[in-house]
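**Student:** One structure, as structure tokens, below. Some questions next.
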Protein chains: 2
Amino acid sequence: MSLADQLPPLSHEGVHEARRRIADRVVRTPVVRSEELERVAAHGARLWLKAENLQRGGSFKMRGALLAVERLRAVGSPGVVAQSTGNHAIAVAMAAAEHRLPAVLVLPTDAAPTKVRRIRETGAEVLQAGTTLAERIAVVGDVRATRGYDEIDPYQNPDVVAGQGTATADLLHQVEAVGGHLDAVVVPVGGGSAIAGACLATAGRGIDVYGAEPTAVPALTAALRAGGPVTVDAGPTIADGLRPDRVGQLPYDLAHRAVAGVFTLDEDAIADALRLVLVHARLLVEPAAATAVAGALRLAAEGRARDIGVLVSGGNAEPSLVASLLDGRATT
Amino acid sequence: MSLADQLPPLSHEGVHEARRRIADRVVRTPVVRSEELERVAAHGARLWLKAENLQRGGSFKMRGALLAVERLRAVGSPGVVAQSTGNHAIAVAMAAAEHRLPAVLVLPTDAAPTKVRRIRETGAEVLQAGTTLAERIAVVGDVRATRGYDEIDPYQNPDVVAGQGTATADLLHQVEAVGGHLDAVVVPVGGGSAIAGACLATAGRGIDVYGAEPTAVPALTAALRAGGPVTVDAGPTIADGLRPDRVGQLPYDLAHRAVAGVFTLDEDAIADALRLVLVHARLLVEPAAATAVAGALRLAAEGRARDIGVLVSGGNAEPSLVASLLDGRATT
């Protein structure tokens with residue numbers, strides 16, 4: 001059977017099959033509700049926080065990486081290479097280490113130092129290249145050509161998209177297990193794997209899916225306007241996980257008709273959300289995850305949903321940034 | 001039936017009965033393991049963090065307060081009064097608000113501002129008096145005499161002790177549900193309700209119970225040495241929840257034969273543990289909870305236990321303190 005024959009169906013069922021495959025290798029992260037956070041910020045809505053900041057590797061990206069690396073290992077891959085602004089790289093590095101595969105990770109030169117350190121701790125090789133997606137993709141191409149490694153693309157790989165969707169599938173399952181029902185889910189948008197996965201996971205369930213992205217990097221907003229992925233001029237943002245300046249074609253194809261809307265959040269809104277979740281819900285989340293929380297608070301303020309699930313995508317925040325946010329110092 | 005007839009048995013069974021009574025009014029907080037935290041700090045041990053920082057009111061004290069207020073409400077109490085360094089007061093204030101009972105809470109003048117604010121938000125009255133237990137007890141006496149309110153003592157009330165024990169009972173249950181077995185549990189010691197409850201919850205299970213208290217306020221260490229509760233000279237500590245300068249007689253009676261040992265942790269060890277849990281396990285914990293984590297890390301370093309449960313008692317930390325710890329500034 002060829003590798004292509006084994007690709008997961010990019011469907012609701014495919015996500016649930018992926019969920020079963022990784023169930024015993026990921027943390028069943030809790031869904032946290034904080035009455036205190038809701039009281040101070042949620043305008044009467046309930047926020048169901050899927051705490052993937054407590055996931056292995058510190059983000060939900062572990063899910064897709066495990067699936068993708070496992071499949072490549074099974075077909076005898078000599079090694080893997082991936083580009084990422086950070087969390088996908090950490091996840092691929094950890095998954096490759098578990099499967100004893102060499103790994104090269106390509107990050108931007110302005111990647112969060114904590115993320116770079118975490119990758120190196122797995123024994124993987126880190127290459128830093130430029131600040132744009134195009135620059136990283138070029139380096140990945142070199143590694144593929146010179147070493148014969150297989151790429152695990154963070155937005156185009158079907159295992160990755162299905163795997164990221166399992167976080168939303170878990171969230172739905174956990175909310176229903178306590179008698180709840182979501183009106184909407186809000187997920188952060190970088191390259192688009194989370195929102196594509198969320199659209200698959202919620203298909204046919206009557207749940208609105210919203211994206212949340214920094215005003216500084218409105219890649220999905222621009223893609224929806226243009227009718228396809230376009231490269232945007234990226235401004236500086238504390239949400240280092242959401243710096244891809246273009247959404248992937250596969251996520252776009254899966255999500256563009258299904259999404260109910262996209263929130264763009266400015267830096268103050270992202271910083272406020274990070275601080276609110278830390279102080280009131282007692283969870284350390286990274287700015288990308290805070291962006292989704294900020295989007296959920298916007299949705300709540302508009303009164304458009306009562307039960308809102310939030311993909312709290314990761315917790316790999318720089319301690320110095322968190323300290324400055326708690327002190328009320330400048331956010332960028 | 002008189003109130004006294006209804007008091008819970010202070011036994012293993014009493015804790016489990018308390019657990020059933022409050023099950024639908026407390027958060028079933030997750031037990032979090034962080035492979036990253038374990039790798040950097042746990043010397044090969046597994047740490048099972050009972051994340052009561054995610055509990056209603058921000059600490060495990062909600063458990064005992066709900067039980068105690070419910071019982072007083074049932075017998076027609078006109079109102080409740082309690083002294084506390086903070087978390088017990090928040091919990092009693094919230095429980096009283098739910099039961100529509102007036103509440104007066106007596107805190108030290110150096111109580112954490114965040115805790116005072118949280119109590120006032122419930123509509124309860126706050127009185128601040130001195131810095132010692134004796135000063136607070138005197139004010140509680142005044143309120144009882146002048147208003148006829150019933151006291152909910154944080155260390156001597158059987159409902160409170162049994163209720164606090166439910167956190168440890170939950171922890172054991174949750175660890176066993178995933179096939180684990182604890183060698184030891186470490187709980188923070190202020191007035192002693194947590195460790196007394198833990199001794200009840202673990203009775204007959206072959207699990208060592210350790211206390212953890214600041215070197216600055218070694219109330220249990222001194223009590224064990226003296227053969228009964230004694231008032232210690234309390235030095236300054238960031239662990240505001242562990243400032244009681246004397247353990248209660250009831251907790252002492254329940255715990256003194258059962259505890260395997262008590263760790264005293266200096267301010268640097270407490271601060272380090274808070275930072276480690278925040279950065280690596282992505283949980284915001286208050287210094288009292290960090291004291292228990294620091295004790296668990298000491299136990300792990302000594303190689304005396306492999307599976308260690310930790311009562312992460314609360315998350316009501318001052319943002320300014322957390323910022324200073326993340327920045328590596330002075331801790332006291």
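A note on labels: chains of the structure tokens are A, B, ... as shown, every chain counts residues from 1, and ligands are counted from 1 in their shown order.
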Compile the contact shell of stretch 33-43 of chain A as a PyMOL selection string: residues with an atom at most 6 Å away, counting only C-alpha atoms, same-chain residues fewer than 3 positions apart removed.
**Tutor:** chain A and resi 48+280-281+297+300-301
**Student:** Take the residues just selected and output them with N, CA and C atoms as a short mmCIF file (atom, residue, chain, number, x, y, z; two decimals), in the first residue's frame.
**Tutor:**
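Saved file out_23.cif follows:
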data_model
loop_
_atom_site.label_atom_id
_atom_site.label_comp_id
_atom_site.auth_asym_id
_atom_site.auth_seq_id
_atom_site.Cartn_x
_atom_site.Cartn_y
_atom_site.Cartn_z
N TRP A 48 -15.65 27.97 27.35
CA TRP A 48 -15.13 26.62 27.58
C TRP A 48 -13.74 26.57 26.97
N HIS A 280 -7.21 35.35 36.12
CA HIS A 280 -8.54 34.88 36.53
C HIS A 280 -8.77 33.39 36.30
N ALA A 281 -8.19 32.84 35.23
CA ALA A 281 -8.36 31.40 35.00
C ALA A 281 -7.12 30.62 35.42
N LEU A 297 -14.04 36.75 23.49
CA LEU A 297 -14.58 37.85 24.30
C LEU A 297 -15.30 38.87 23.40
N ALA A 300 -18.58 37.29 22.55
CA ALA A 300 -19.47 37.39 23.72
C ALA A 300 -20.02 38.82 23.86
N ALA A 301 -19.16 39.80 23.67
CA ALA A 301 -19.58 41.20 23.82
C ALA A 301 -20.66 41.55 22.80
#
**Student:** Contacts of B:Gly235 at 12 Å or less, counting only C-alpha atoms, minus same-chain residues fewer than 4 places along, as a list in words?
**Tutor:**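 Neighbouring residues, sequence-local ones excluded: Thr131, Thr132, Pro214, Thr215, Ala216, Val217, Pro218, Ala219, Ala239, Asp240, Leu242, Arg243, Pro244, Asp245, Asp266, Glu267 and Thr332 of chain B.
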**Student:** Those same residues, written as a CSV table (one decimal), in the first residue's frame with C-alpha atoms?
**Tutor:**
chain,number,residue,atom,x,y,z
B,131,THR,CA,-1.0,40.4,61.6
B,132,THR,CA,-1.3,37.5,64.1
B,214,PRO,CA,7.8,28.1,54.9
B,215,THR,CA,11.0,28.2,56.9
B,216,ALA,CA,9.8,31.6,58.0
B,217,VAL,CA,6.7,30.1,59.7
B,218,PRO,CA,7.5,26.5,60.8
B,219,ALA,CA,4.2,26.0,62.8
B,239,ALA,CA,3.5,32.4,51.0
B,240,ASP,CA,0.7,34.6,52.4
B,242,LEU,CA,0.8,29.9,55.1
B,243,ARG,CA,1.2,32.7,57.6
B,244,PRO,CA,-0.8,31.2,60.5
B,245,ASP,CA,1.7,31.1,63.3
B,266,ASP,CA,13.0,28.9,52.2
B,267,GLU,CA,11.8,31.8,50.2
B,332,THR,CA,10.5,39.4,49.3
**Student:** Got a sec: who's within 10 Å of B:Arg246, counting only C-alpha atoms, leaving out chain neighbours fewer than 6 positions off, as a PyMOL selection string?
**Tutor:** chain B and resi 132-134+190-192+217-220+222-223+228-234
**Student:** DSSP on the backbone, then: every residue of stretch 114-198 of chain B marked helix (DSSP H, G or I), written as a ChimeraX atom specification.
**Tutor:** /B:114-121,133-147,158-177,193-198
**Student:** Kindly assemble as JSON lines a list of the chain B residues that lie within 8 Å of chain A, each paired with its nearest atom pair and their distance in Å to one decimal, using only C-alpha atoms, sorted first by chain and then by ascending residue number.
**Tutor:**
{"residue": "B:Pro30", "atom": "CA", "partner": "A:Pro30", "partner_atom": "CA", "distance": 6.4}
{"residue": "B:Val32", "atom": "CA", "partner": "A:Leu54", "partner_atom": "CA", "distance": 7.8}
{"residue": "B:Ser34", "atom": "CA", "partner": "A:Leu54", "partner_atom": "CA", "distance": 7.5}
{"residue": "B:Glu35", "atom": "CA", "partner": "A:Arg56", "partner_atom": "CA", "distance": 7.4}
{"residue": "B:Glu36", "atom": "CA", "partner": "A:Gly57", "partner_atom": "CA", "distance": 7.9}
{"residue": "B:Asn53", "atom": "CA", "partner": "A:Arg282", "partner_atom": "CA", "distance": 6.7}
{"residue": "B:Leu54", "atom": "CA", "partner": "A:Arg282", "partner_atom": "CA", "distance": 6.6}
{"residue": "B:Arg56", "atom": "CA", "partner": "A:Glu35", "partner_atom": "CA", "distance": 7.3}
{"residue": "B:Gly57", "atom": "CA", "partner": "A:Glu36", "partner_atom": "CA", "distance": 7.9}
{"residue": "B:Leu278", "atom": "CA", "partner": "A:Leu284", "partner_atom": "CA", "distance": 6.7}
{"residue": "B:Val279", "atom": "CA", "partner": "A:Pro319", "partner_atom": "CA", "distance": 7.0}
{"residue": "B:Ala281", "atom": "CA", "partner": "A:Leu54", "partner_atom": "CA", "distance": 6.7}
{"residue": "B:Arg282", "atom": "CA", "partner": "A:Leu284", "partner_atom": "CA", "distance": 4.7}
{"residue": "B:Leu283", "atom": "CA", "partner": "A:Leu283", "partner_atom": "CA", "distance": 5.0}
{"residue": "B:Leu284", "atom": "CA", "partner": "A:Arg282", "partner_atom": "CA", "distance": 4.7}
{"residue": "B:Val285", "atom": "CA", "partner": "A:Arg282", "partner_atom": "CA", "distance": 7.1}
{"residue": "B:Gly315", "atom": "CA", "partner": "A:Arg282", "partner_atom": "CA", "distance": 6.1}
{"residue": "B:Asn316", "atom": "CA", "partner": "A:Val279", "partner_atom": "CA", "distance": 8.0}
{"residue": "B:Ala317", "atom": "CA", "partner": "A:Val279", "partner_atom": "CA", "distance": 7.8}
{"residue": "B:Pro319", "atom": "CA", "partner": "A:Leu326", "partner_atom": "CA", "distance": 5.8}
{"residue": "B:Ser320", "atom": "CA", "partner": "A:Asp327", "partner_atom": "CA", "distance": 6.2}
{"residue": "B:Val322", "atom": "CA", "partner": "A:Ala323", "partner_atom": "CA", "distance": 7.2}
{"residue": "B:Ala323", "atom": "CA", "partner": "A:Ala323", "partner_atom": "CA", "distance": 4.1}
{"residue": "B:Ser324", "atom": "CA", "partner": "A:Ala323", "partner_atom": "CA", "distance": 7.0}
{"residue": "B:Leu326", "atom": "CA", "partner": "A:Ala323", "partner_atom": "CA", "distance": 5.7}
{"residue": "B:Asp327", "atom": "CA", "partner": "A:Ser320", "partner_atom": "CA", "distance": 6.2}
**Student:** With distances taken over only C-alpha atoms, which of A:Leu66, A:Ala93, A:Val186, A:Ala201 is nearest to A:His16?
**Tutor:**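 Residue with the minimum atom-to-atom distance to A:His16: A:Ala201.
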**Student:** Nearest residue to B:His12 out of B:Gly309, B:Gly197, B:Ser84, B:Glu135, using only C-alpha atoms?
**Tutor:**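 Among the listed residues, the smallest separation from B:His12 belongs to B:Gly197.
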**Student:** As a PyMOL selection string, which residues of stretch 125-203 of chain A does DSSP assign to strand (DSSP E or B)?
**Tutor:** chain A and resi 125-128+150-151+184-188
**Student:** Could you name the residues that touch stretch 248-259 of chain A at 10 Å or less, counting only C-alpha atoms, but leaving out those on the same chain fewer than 5 positions away, as a PDB file with N, CA and C atoms, in the first residue's frame?
**Tutor:**
ATOM      1  N   LEU A  10     -10.010  13.660   4.803  1.00  0.00           N
ATOM      2  CA  LEU A  10     -10.167  14.971   5.441  1.00  0.00           C
ATOM      3  C   LEU A  10     -11.658  15.230   5.595  1.00  0.00           C
ATOM      4  N   SER A  11     -12.182  14.655   6.645  1.00  0.00           N
ATOM      5  CA  SER A  11     -13.616  14.650   6.899  1.00  0.00           C
ATOM      6  C   SER A  11     -13.828  14.568   8.398  1.00  0.00           C
ATOM      7  N   ASP A 153       4.638  19.494   6.393  1.00  0.00           N
ATOM      8  CA  ASP A 153       4.174  20.871   6.245  1.00  0.00           C
ATOM      9  C   ASP A 153       3.118  21.189   7.309  1.00  0.00           C
ATOM     10  N   PRO A 154       3.229  22.338   7.941  1.00  0.00           N
ATOM     11  CA  PRO A 154       2.298  22.645   9.040  1.00  0.00           C
ATOM     12  C   PRO A 154       0.877  22.979   8.587  1.00  0.00           C
ATOM     13  N   TYR A 155       0.701  23.225   7.290  1.00  0.00           N
ATOM     14  CA  TYR A 155      -0.645  23.623   6.835  1.00  0.00           C
ATOM     15  C   TYR A 155      -1.194  22.701   5.761  1.00  0.00           C
ATOM     16  N   GLN A 156      -0.296  22.011   5.024  1.00  0.00           N
ATOM     17  CA  GLN A 156      -0.738  21.260   3.846  1.00  0.00           C
ATOM     18  C   GLN A 156      -0.820  19.754   4.091  1.00  0.00           C
ATOM     19  N   ASN A 157      -0.207  19.288   5.149  1.00  0.00           N
ATOM     20  CA  ASN A 157      -0.158  17.850   5.406  1.00  0.00           C
ATOM     21  C   ASN A 157      -1.508  17.378   5.974  1.00  0.00           C
ATOM     22  N   PRO A 158      -2.146  16.411   5.315  1.00  0.00           N
ATOM     23  CA  PRO A 158      -3.470  15.960   5.777  1.00  0.00           C
ATOM     24  C   PRO A 158      -3.464  15.388   7.201  1.00  0.00           C
ATOM     25  N   VAL A 161      -3.498  18.393   9.542  1.00  0.00           N
ATOM     26  CA  VAL A 161      -4.804  19.062   9.616  1.00  0.00           C
ATOM     27  C   VAL A 161      -5.802  18.203  10.397  1.00  0.00           C
ATOM     28  N   GLY A 190      -3.074  30.933  12.174  1.00  0.00           N
ATOM     29  CA  GLY A 190      -1.747  31.268  11.661  1.00  0.00           C
ATOM     30  C   GLY A 190      -1.740  30.826  10.207  1.00  0.00           C
ATOM     31  N   GLY A 191      -1.240  29.612   9.954  1.00  0.00           N
ATOM     32  CA  GLY A 191      -1.299  29.070   8.600  1.00  0.00           C
ATOM     33  C   GLY A 191      -2.631  28.432   8.271  1.00  0.00           C
ATOM     34  N   GLY A 192      -3.442  28.163   9.301  1.00  0.00           N
ATOM     35  CA  GLY A 192      -4.801  27.711   9.047  1.00  0.00           C
ATOM     36  C   GLY A 192      -5.136  26.278   9.420  1.00  0.00           C
ATOM     37  N   SER A 193      -4.152  25.518   9.939  1.00  0.00           N
ATOM     38  CA  SER A 193      -4.453  24.114  10.229  1.00  0.00           C
ATOM     39  C   SER A 193      -5.483  23.964  11.351  1.00  0.00           C
ATOM     40  N   ALA A 194      -5.444  24.858  12.325  1.00  0.00           N
ATOM     41  CA  ALA A 194      -6.386  24.745  13.443  1.00  0.00           C
ATOM     42  C   ALA A 194      -7.811  24.995  12.982  1.00  0.00           C
ATOM     43  N   ILE A 195      -8.006  26.015  12.170  1.00  0.00           N
ATOM     44  CA  ILE A 195      -9.374  26.327  11.771  1.00  0.00           C
ATOM     45  C   ILE A 195      -9.882  25.302  10.759  1.00  0.00           C
ATOM     46  N   ALA A 196      -9.006  24.800   9.905  1.00  0.00           N
ATOM     47  CA  ALA A 196      -9.433  23.750   8.980  1.00  0.00           C
ATOM     48  C   ALA A 196      -9.852  22.509   9.772  1.00  0.00           C
ATOM     49  N   GLY A 197      -9.030  22.136  10.749  1.00  0.00           N
ATOM     50  CA  GLY A 197      -9.368  20.993  11.592  1.00  0.00           C
ATOM     51  C   GLY A 197     -10.654  21.216  12.361  1.00  0.00           C
ATOM     52  N   ALA A 198     -10.852  22.437  12.839  1.00  0.00           N
ATOM     53  CA  ALA A 198     -12.076  22.745  13.593  1.00  0.00           C
ATOM     54  C   ALA A 198     -13.307  22.645  12.700  1.00  0.00           C
ATOM     55  N   CYS A 199     -13.164  23.079  11.450  1.00  0.00           N
ATOM     56  CA  CYS A 199     -14.303  22.968  10.522  1.00  0.00           C
ATOM     57  C   CYS A 199     -14.658  21.496  10.278  1.00  0.00           C
ATOM     58  N   LEU A 200     -13.645  20.657  10.143  1.00  0.00           N
ATOM     59  CA  LEU A 200     -13.914  19.226   9.972  1.00  0.00           C
ATOM     60  C   LEU A 200     -14.577  18.647  11.227  1.00  0.00           C
ATOM     61  N   THR A 202     -16.360  20.006  13.516  1.00  0.00           N
ATOM     62  CA  THR A 202     -17.699  20.508  13.854  1.00  0.00           C
ATOM     63  C   THR A 202     -18.718  20.284  12.734  1.00  0.00           C
ATOM     64  N   ALA A 203     -18.266  19.702  11.628  1.00  0.00           N
ATOM     65  CA  ALA A 203     -19.149  19.576  10.458  1.00  0.00           C
ATOM     66  C   ALA A 203     -20.488  18.934  10.823  1.00  0.00           C
ATOM     67  N   ILE A 207     -22.544  24.233  14.888  1.00  0.00           N
ATOM     68  CA  ILE A 207     -21.658  25.060  15.721  1.00  0.00           C
ATOM     69  C   ILE A 207     -20.904  26.024  14.806  1.00  0.00           C
ATOM     70  N   ASP A 208     -20.982  27.314  15.099  1.00  0.00           N
ATOM     71  CA  ASP A 208     -20.279  28.299  14.282  1.00  0.00           C
ATOM     72  C   ASP A 208     -18.787  28.270  14.590  1.00  0.00           C
ATOM     73  N   VAL A 209     -17.967  28.291  13.562  1.00  0.00           N
ATOM     74  CA  VAL A 209     -16.516  28.322  13.736  1.00  0.00           C
ATOM     75  C   VAL A 209     -15.989  29.706  13.353  1.00  0.00           C
ATOM     76  N   TYR A 210     -15.297  30.323  14.307  1.00  0.00           N
ATOM     77  CA  TYR A 210     -14.694  31.633  14.063  1.00  0.00           C
ATOM     78  C   TYR A 210     -13.180  31.533  14.147  1.00  0.00           C
ATOM     79  N   GLY A 211     -12.509  32.275  13.288  1.00  0.00           N
ATOM     80  CA  GLY A 211     -11.069  32.420  13.393  1.00  0.00           C
ATOM     81  C   GLY A 211     -10.727  33.682  14.158  1.00  0.00           C
ATOM     82  N   ALA A 219      -4.023  37.223   7.667  1.00  0.00           N
ATOM     83  CA  ALA A 219      -3.848  36.346   6.503  1.00  0.00           C
ATOM     84  C   ALA A 219      -5.162  35.691   6.068  1.00  0.00           C
ATOM     85  N   LEU A 220      -5.992  35.278   7.022  1.00  0.00           N
ATOM     86  CA  LEU A 220      -7.251  34.641   6.627  1.00  0.00           C
ATOM     87  C   LEU A 220      -8.272  35.672   6.153  1.00  0.00           C
ATOM     88  N   ALA A 223      -7.360  36.391   2.711  1.00  0.00           N
ATOM     89  CA  ALA A 223      -7.637  35.271   1.811  1.00  0.00           C
ATOM     90  C   ALA A 223      -9.125  35.190   1.488  1.00  0.00           C
ATOM     91  N   LEU A 224      -9.956  35.369   2.506  1.00  0.00           N
ATOM     92  CA  LEU A 224     -11.404  35.298   2.274  1.00  0.00           C
ATOM     93  C   LEU A 224     -11.846  36.420   1.334  1.00  0.00           C
ATOM     94  N   GLY A 227     -10.524  35.563  -2.211  1.00  0.00           N
ATOM     95  CA  GLY A 227     -10.990  34.315  -2.817  1.00  0.00           C
ATOM     96  C   GLY A 227      -9.915  33.250  -2.891  1.00  0.00           C
ATOM     97  N   GLY A 228      -8.863  33.409  -2.104  1.00  0.00           N
ATOM     98  CA  GLY A 228      -7.793  32.413  -2.073  1.00  0.00           C
ATOM     99  C   GLY A 228      -6.625  32.959  -1.280  1.00  0.00           C
ATOM    100  N   PRO A 229      -5.685  32.083  -0.874  1.00  0.00           N
ATOM    101  CA  PRO A 229      -4.550  32.534  -0.067  1.00  0.00           C
ATOM    102  C   PRO A 229      -3.744  33.622  -0.764  1.00  0.00           C
ATOM    103  N   VAL A 230      -3.445  34.660  -0.010  1.00  0.00           N
ATOM    104  CA  VAL A 230      -2.570  35.732  -0.501  1.00  0.00           C
ATOM    105  C   VAL A 230      -1.561  36.047   0.598  1.00  0.00           C
TER     106      VAL A 230
END
**Student:** Between atom CA of B:Leu171 and atom CA of B:Ala305, what is the distance, to one decimal in Å?
**Tutor:**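 That distance, rounded to one decimal, is 16.6 Å.
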**Student:** Calculated over only C-alpha atoms, which of the candidates B:Val189, B:Val143, B:Ala273, B:Ile152 has the smallest distance to B:Val69?
**Tutor:**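 The answer is B:Ile152, which sits nearest to B:Val69.
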